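Participant: Please see the structure below; I have some questions.
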Amino acid sequence: MPERKKKYYLNDKFIGDGSLAVVAGPCSLESPELGLRVARAMKHFCEERGLLYIFKASFDKANRTSVHAWRGPGIEKGLEQLAEIKQLAGVPVLTDIHESWQAAPTGQVVDIIQIPAFLCRQTDLLVAAAKTGRVINIKKAQFLAPDDMIYAAAKCREAGNDNVILCERGTIMGYHRLVVDMTGLVAMREFGYPIMFDATHSVQKPGGLGGMSGGDYKLAFPLARAAAAVGIDAIFAETHPSPKDALSDGPNMIPLDQMGRFLDEVLAFHNTYREICKNVE
């Protein structure tokens, strides 16, 4: 894999050193028990494969299709859950913020702050996240060209924090469809930041079920394989023990009992890509 200019240390491993990191968890925090169950299962899957694992879940889904949709437990209870999961499972944690004032308290708990795709151009939000000193995962907006993500990263850098990950999650085409341009991953790698691919949001169908989003998690498998073949530093996948019972994003979440196979497939392509790069060098 081409040399990364930046790499970030988490739990004795690095994001951006040529290995593959895994960000996974339920879409939103539902209960402390569910979050801990997923975190421990995913940690086991990743440890078996020598992979860095980061638990992901949202305390507030402020961008739901319908005003009546489940949003999560809120920042106070949500950060309490994330802190508990971090301690009891012994894993780094990631969550997203939607408003600038959420950055400081969130940064006191999590290891990575995520900027939602629709908000990646919001200067005040990026600056507030950057000032926490945490690693910032910036999702590429569904309406934005990959080349334009350099400006989002620059806002964090100019705020004093260049610890940025750039994340691809598909481009919106209207009519409830997203398309992933794999060349966008190549373009963003040129900026020197670690690159993450969000496999499950890329198969989402925004608003595809009327008042809620649809999706097909099975398509996350081939997309993730393709992204790994192009070259990524981290794979993002939402997972749940019973997606049909999940309170948000159920259709595009991978069942927890299929995550081992998912990781094996992605890792096989990731390792092949690394070997190809070594031969080219």
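Labels for the structure tokens follow display order: chains A, B, ..., residues from 1 in each chain, ligands from 1.
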For A:Asp264, find every residue with an atom within 12 Å (counting only C-alpha atoms), except residues of its own chain fewer than 3 positions away, and show them as number ranges by chain.
Facilitator: A: 20, 22, 45-46, 48-51, 221, 224-225, 228, 258-261, 267-271
Participant: Give me the residues within 10 Å of stretch 154-159 of chain A as a CSV table (one decimal) with all heavy atoms, in the first residue's frame, counting only C-alpha atoms and dropping any in the same chain fewer than 2 places off.
Facilitator:
chain,number,residue,atom,x,y,z
A,121,ARG,N,-19.5,20.6,5.1
A,121,ARG,CA,-19.0,21.9,4.7
A,121,ARG,C,-19.3,23.0,5.8
A,121,ARG,O,-19.0,24.1,5.7
A,121,ARG,CB,-19.8,22.3,3.5
A,121,ARG,CG,-19.3,21.6,2.2
A,121,ARG,CD,-20.3,21.9,1.0
A,121,ARG,NE,-20.5,23.3,0.8
A,121,ARG,CZ,-19.8,24.0,-0.1
A,121,ARG,NH1,-18.9,23.4,-0.8
A,121,ARG,NH2,-20.0,25.3,-0.3
A,122,GLN,N,-19.8,22.5,7.0
A,122,GLN,CA,-20.2,23.4,8.1
A,122,GLN,C,-18.9,23.9,8.8
A,122,GLN,O,-18.4,23.1,9.7
A,122,GLN,CB,-21.2,22.8,9.0
A,122,GLN,CG,-22.5,22.5,8.3
A,122,GLN,CD,-23.2,23.7,7.8
A,122,GLN,OE1,-23.2,24.0,6.6
A,122,GLN,NE2,-23.8,24.5,8.7
A,123,THR,N,-18.4,25.0,8.5
A,123,THR,CA,-17.2,25.5,9.1
A,123,THR,C,-17.1,25.5,10.6
A,123,THR,O,-16.2,25.0,11.2
A,123,THR,CB,-16.8,26.9,8.6
A,123,THR,OG1,-16.8,26.9,7.2
A,123,THR,CG2,-15.5,27.4,9.1
A,124,ASP,N,-18.2,26.0,11.3
A,124,ASP,CA,-18.2,26.1,12.7
A,124,ASP,C,-18.1,24.7,13.4
A,124,ASP,O,-17.5,24.5,14.4
A,124,ASP,CB,-19.4,26.8,13.2
A,124,ASP,CG,-19.3,28.3,12.9
A,124,ASP,OD1,-18.2,28.8,12.5
A,124,ASP,OD2,-20.4,29.0,13.0
A,125,LEU,N,-18.8,23.7,12.7
A,125,LEU,CA,-18.8,22.4,13.2
A,125,LEU,C,-17.5,21.7,13.1
A,125,LEU,O,-17.0,21.1,14.1
A,125,LEU,CB,-19.9,21.5,12.5
A,125,LEU,CG,-20.1,20.1,13.0
A,125,LEU,CD1,-20.7,20.2,14.4
A,125,LEU,CD2,-21.1,19.4,12.1
A,126,LEU,N,-16.8,21.9,12.0
A,126,LEU,CA,-15.5,21.3,11.8
A,126,LEU,C,-14.5,21.9,12.7
A,126,LEU,O,-13.6,21.2,13.3
A,126,LEU,CB,-15.1,21.5,10.3
A,126,LEU,CG,-15.8,20.7,9.3
A,126,LEU,CD1,-15.6,21.3,7.9
A,126,LEU,CD2,-15.3,19.2,9.3
A,127,VAL,N,-14.5,23.2,12.9
A,127,VAL,CA,-13.6,23.9,13.8
A,127,VAL,C,-13.8,23.5,15.2
A,127,VAL,O,-12.8,23.2,15.9
A,127,VAL,CB,-13.8,25.5,13.6
A,127,VAL,CG1,-13.0,26.2,14.7
A,127,VAL,CG2,-13.3,25.9,12.3
A,128,ALA,N,-15.0,23.4,15.7
A,128,ALA,CA,-15.3,22.9,17.0
A,128,ALA,C,-14.8,21.5,17.3
A,128,ALA,O,-14.2,21.2,18.3
A,128,ALA,CB,-16.8,23.0,17.3
A,129,ALA,N,-15.0,20.6,16.3
A,129,ALA,CA,-14.5,19.3,16.4
A,129,ALA,C,-13.0,19.2,16.4
A,129,ALA,O,-12.4,18.5,17.2
A,129,ALA,CB,-15.1,18.4,15.2
A,130,ALA,N,-12.4,20.0,15.6
A,130,ALA,CA,-10.9,20.1,15.5
A,130,ALA,C,-10.3,20.5,16.8
A,130,ALA,O,-9.3,20.0,17.3
A,130,ALA,CB,-10.5,21.0,14.4
A,131,LYS,N,-11.0,21.5,17.5
A,131,LYS,CA,-10.4,22.1,18.7
A,131,LYS,C,-10.4,21.1,19.9
A,131,LYS,O,-9.8,21.3,20.9
A,131,LYS,CB,-11.2,23.3,19.1
A,131,LYS,CG,-10.8,24.5,18.2
A,131,LYS,CD,-11.5,25.8,18.6
A,131,LYS,CE,-11.1,26.9,17.7
A,131,LYS,NZ,-11.8,28.2,18.1
A,133,GLY,N,-9.1,18.2,19.7
A,133,GLY,CA,-7.8,17.4,19.6
A,133,GLY,C,-8.0,16.0,19.2
A,133,GLY,O,-7.0,15.3,19.0
A,136,ILE,N,-10.7,13.3,13.6
A,136,ILE,CA,-11.9,13.7,13.0
A,136,ILE,C,-12.2,12.9,11.8
A,136,ILE,O,-11.3,12.9,10.8
A,136,ILE,CB,-11.9,15.2,12.6
A,136,ILE,CG1,-11.4,16.1,13.8
A,136,ILE,CG2,-13.3,15.7,12.2
A,136,ILE,CD1,-12.2,16.0,15.0
A,138,ILE,N,-14.3,12.7,8.6
A,138,ILE,CA,-15.2,13.6,7.8
A,138,ILE,C,-15.8,12.8,6.7
A,138,ILE,O,-15.1,12.3,5.8
A,138,ILE,CB,-14.5,14.8,7.2
A,138,ILE,CG1,-13.7,15.5,8.3
A,138,ILE,CG2,-15.5,15.8,6.6
A,138,ILE,CD1,-12.9,16.7,7.8
A,149,MET,N,-13.1,17.6,-0.9
A,149,MET,CA,-12.9,17.2,0.5
A,149,MET,C,-11.6,17.8,1.1
A,149,MET,O,-11.5,17.9,2.3
A,149,MET,CB,-12.9,15.7,0.6
A,149,MET,CG,-14.3,15.1,0.5
A,149,MET,SD,-15.4,15.6,1.9
A,149,MET,CE,-14.8,14.7,3.2
A,150,ILE,N,-10.7,18.2,0.2
A,150,ILE,CA,-9.5,18.8,0.7
A,150,ILE,C,-9.8,20.1,1.5
A,150,ILE,O,-9.1,20.5,2.5
A,150,ILE,CB,-8.5,19.1,-0.4
A,150,ILE,CG1,-7.2,19.6,0.1
A,150,ILE,CG2,-9.1,20.2,-1.4
A,150,ILE,CD1,-6.5,18.5,0.9
A,151,TYR,N,-10.9,20.8,1.1
A,151,TYR,CA,-11.3,22.0,1.8
A,151,TYR,C,-11.9,21.8,3.2
A,151,TYR,O,-11.7,22.6,4.1
A,151,TYR,CB,-12.2,22.8,0.9
A,151,TYR,CG,-11.7,23.1,-0.4
A,151,TYR,CD1,-12.2,22.5,-1.6
A,151,TYR,CD2,-10.6,24.0,-0.6
A,151,TYR,CE1,-11.7,22.8,-2.8
A,151,TYR,CE2,-10.0,24.2,-1.8
A,151,TYR,CZ,-10.6,23.6,-2.9
A,151,TYR,OH,-10.0,23.9,-4.2
A,152,ALA,N,-12.6,20.7,3.3
A,152,ALA,CA,-13.1,20.3,4.6
A,152,ALA,C,-12.0,20.0,5.6
A,152,ALA,O,-11.9,20.4,6.7
A,152,ALA,CB,-14.1,19.1,4.5
A,161,ASN,N,-5.8,21.2,14.1
A,161,ASN,CA,-5.9,19.8,14.2
A,161,ASN,C,-5.9,19.2,12.8
A,161,ASN,O,-6.9,19.3,12.0
A,161,ASN,CB,-7.1,19.4,14.9
A,161,ASN,CG,-7.2,17.9,15.2
A,161,ASN,OD1,-6.5,17.1,14.7
A,161,ASN,ND2,-8.2,17.5,16.1
A,162,ASP,N,-4.8,18.5,12.4
A,162,ASP,CA,-4.7,17.9,11.1
A,162,ASP,C,-4.9,16.4,11.2
A,162,ASP,O,-4.6,15.6,10.3
A,162,ASP,CB,-3.3,18.2,10.5
A,162,ASP,CG,-3.3,18.1,9.0
A,162,ASP,OD1,-4.4,18.3,8.4
A,162,ASP,OD2,-2.3,17.8,8.4
A,163,ASN,N,-5.5,15.9,12.3
A,163,ASN,CA,-5.7,14.5,12.5
A,163,ASN,C,-7.1,14.1,11.9
A,163,ASN,O,-8.1,14.0,12.6
A,163,ASN,CB,-5.7,14.1,14.0
A,163,ASN,CG,-4.4,14.4,14.6
A,163,ASN,OD1,-3.4,14.2,14.0
A,163,ASN,ND2,-4.4,14.9,15.8
A,164,VAL,N,-7.1,14.0,10.6
A,164,VAL,CA,-8.3,13.8,9.8
A,164,VAL,C,-8.3,12.5,9.0
A,164,VAL,O,-7.3,12.0,8.5
A,164,VAL,CB,-8.5,15.0,8.8
A,164,VAL,CG1,-9.6,14.8,7.8
A,164,VAL,CG2,-8.7,16.3,9.5
Participant: Of the candidates A:Ala227, A:Leu178, A:Ala187, A:Leu219, which shows the shortest atom-to-atom distance to A:Lys205, using only C-alpha atoms?
Facilitator: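 Smallest distance to A:Lys205 is found for A:Leu178.
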Participant: Among the residues of stretch 19-268 of chain A, find those DSSP assigns to alpha helix (DSSP H) from the backbone and print them as a PyMOL selection string.
Facilitator: chain A and resi 32-48+75-89+103-107+123-130+149-158+183-189+220-230+259-268
Participant: Neighbours of A:Met42 within 10 Å (only C-alpha atoms; same-chain residues fewer than 5 positions away dropped), as a list of chain:residue names?
Facilitator: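 Once the nearby chain positions are removed, what remains is A:Val22, A:Val23, A:Ala24, A:Gly25, A:Leu36, A:Arg37, A:Glu47, A:Glu48, A:Tyr53, A:Ile54, A:Phe55, A:Ala89, A:Val91, A:Thr239, A:Leu256, A:Asp257, A:Met259, A:Gly260.
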Participant: Taking into account only C-alpha atoms, which residue in the set A:Gln204, A:Gln114, A:Gln81, A:Gln142 is nearest to A:Glu33?
Facilitator: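 Of the candidates, the smallest distance to A:Glu33 is held by A:Gln81.
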Participant: Pick out the closest residue to A:His44 from this set: A:Thr200, A:Ala229, A:Leu263, A:Thr106. Count only C-alpha atoms.
Facilitator: A:Leu263
Participant: Tell me, as JSON, numbers by chain, which residues lie within 6 Å of A:Pro26, counting only C-alpha atoms; anything in the same chain fewer than 3 positions away does not count.
Facilitator: {"A": [57, 238, 239, 240]}
Participant: Could you save the residues just selected, with N, CA, C and O atoms, as a compact mmCIF listing (two decimals), in the first residue's frame?
Facilitator:
# COMPACT_ATOMS: atom_id res chain seq x y z
N ALA A 57 -21.55 4.18 17.28
CA ALA A 57 -22.99 4.32 17.42
C ALA A 57 -23.29 5.80 17.66
O ALA A 57 -22.46 6.54 18.17
N GLU A 238 -22.24 -0.67 9.65
CA GLU A 238 -23.18 -0.75 10.76
C GLU A 238 -23.71 -2.18 10.88
O GLU A 238 -23.96 -2.85 9.87
N THR A 239 -23.84 -2.63 12.11
CA THR A 239 -24.24 -4.02 12.35
C THR A 239 -25.14 -4.09 13.58
O THR A 239 -25.08 -3.23 14.47
N HIS A 240 -25.96 -5.13 13.60
CA HIS A 240 -26.97 -5.27 14.67
C HIS A 240 -27.29 -6.76 14.78
O HIS A 240 -27.34 -7.47 13.78
Participant: Give me the residues near A:Tyr9 as a CSV table (one decimal) with C-alpha atoms, in the first residue's frame, where near means some atom within 12 Å (using only C-alpha atoms) and where sequence neighbours in that chain fewer than 3 positions away do not count.
Facilitator:
chain,number,residue,atom,x,y,z
A,6,LYS,CA,-0.5,10.4,8.5
A,12,ASP,CA,-1.7,-0.4,20.3
A,13,LYS,CA,-2.6,-0.2,16.6
A,14,PHE,CA,-2.6,2.5,13.9
A,15,ILE,CA,-5.1,3.8,11.4
A,16,GLY,CA,-3.2,4.6,8.2
A,17,ASP,CA,-0.1,2.3,8.6
A,21,ALA,CA,-9.1,-0.7,10.7
A,52,LEU,CA,-8.0,-2.6,15.0
A,54,ILE,CA,-13.5,1.0,16.9
A,92,PRO,CA,-11.9,3.0,21.2
A,111,ASP,CA,-11.6,8.7,20.4
A,112,ILE,CA,-12.9,9.8,17.0
A,134,ARG,CA,-9.5,14.2,18.7
A,135,VAL,CA,-9.2,12.4,15.4
A,163,ASN,CA,-5.7,14.5,12.5
Participant: Identify, on the basis of only C-alpha atoms, every residue whose closest approach to A:Ala141 does not exceed 8 Å; exclude the query and any residue fewer than 2 positions from it along the same chain; express the result as a PyMOL selection string.
Facilitator: chain A and resi 116-120+139+143-144+169+171
Participant: Write a file of the just-selected residues containing C-alpha atoms, as a PDB file, in the first residue's frame.
Facilitator:
ATOM      1  CA  PRO A 116     -21.996  13.633   9.088  1.00  0.00           C
ATOM      2  CA  ALA A 117     -21.911  13.825   5.307  1.00  0.00           C
ATOM      3  CA  PHE A 118     -24.577  16.489   4.952  1.00  0.00           C
ATOM      4  CA  LEU A 119     -22.623  18.703   7.375  1.00  0.00           C
ATOM      5  CA  CYS A 120     -19.078  18.330   6.035  1.00  0.00           C
ATOM      6  CA  LYS A 139     -17.797  11.893   5.672  1.00  0.00           C
ATOM      7  CA  PHE A 143     -23.505  15.982  -3.281  1.00  0.00           C
ATOM      8  CA  LEU A 144     -19.760  16.734  -3.139  1.00  0.00           C
ATOM      9  CA  ARG A 169     -20.319   6.945   1.573  1.00  0.00           C
ATOM     10  CA  THR A 171     -23.080   9.991  -4.130  1.00  0.00           C
TER      11      THR A 171
END
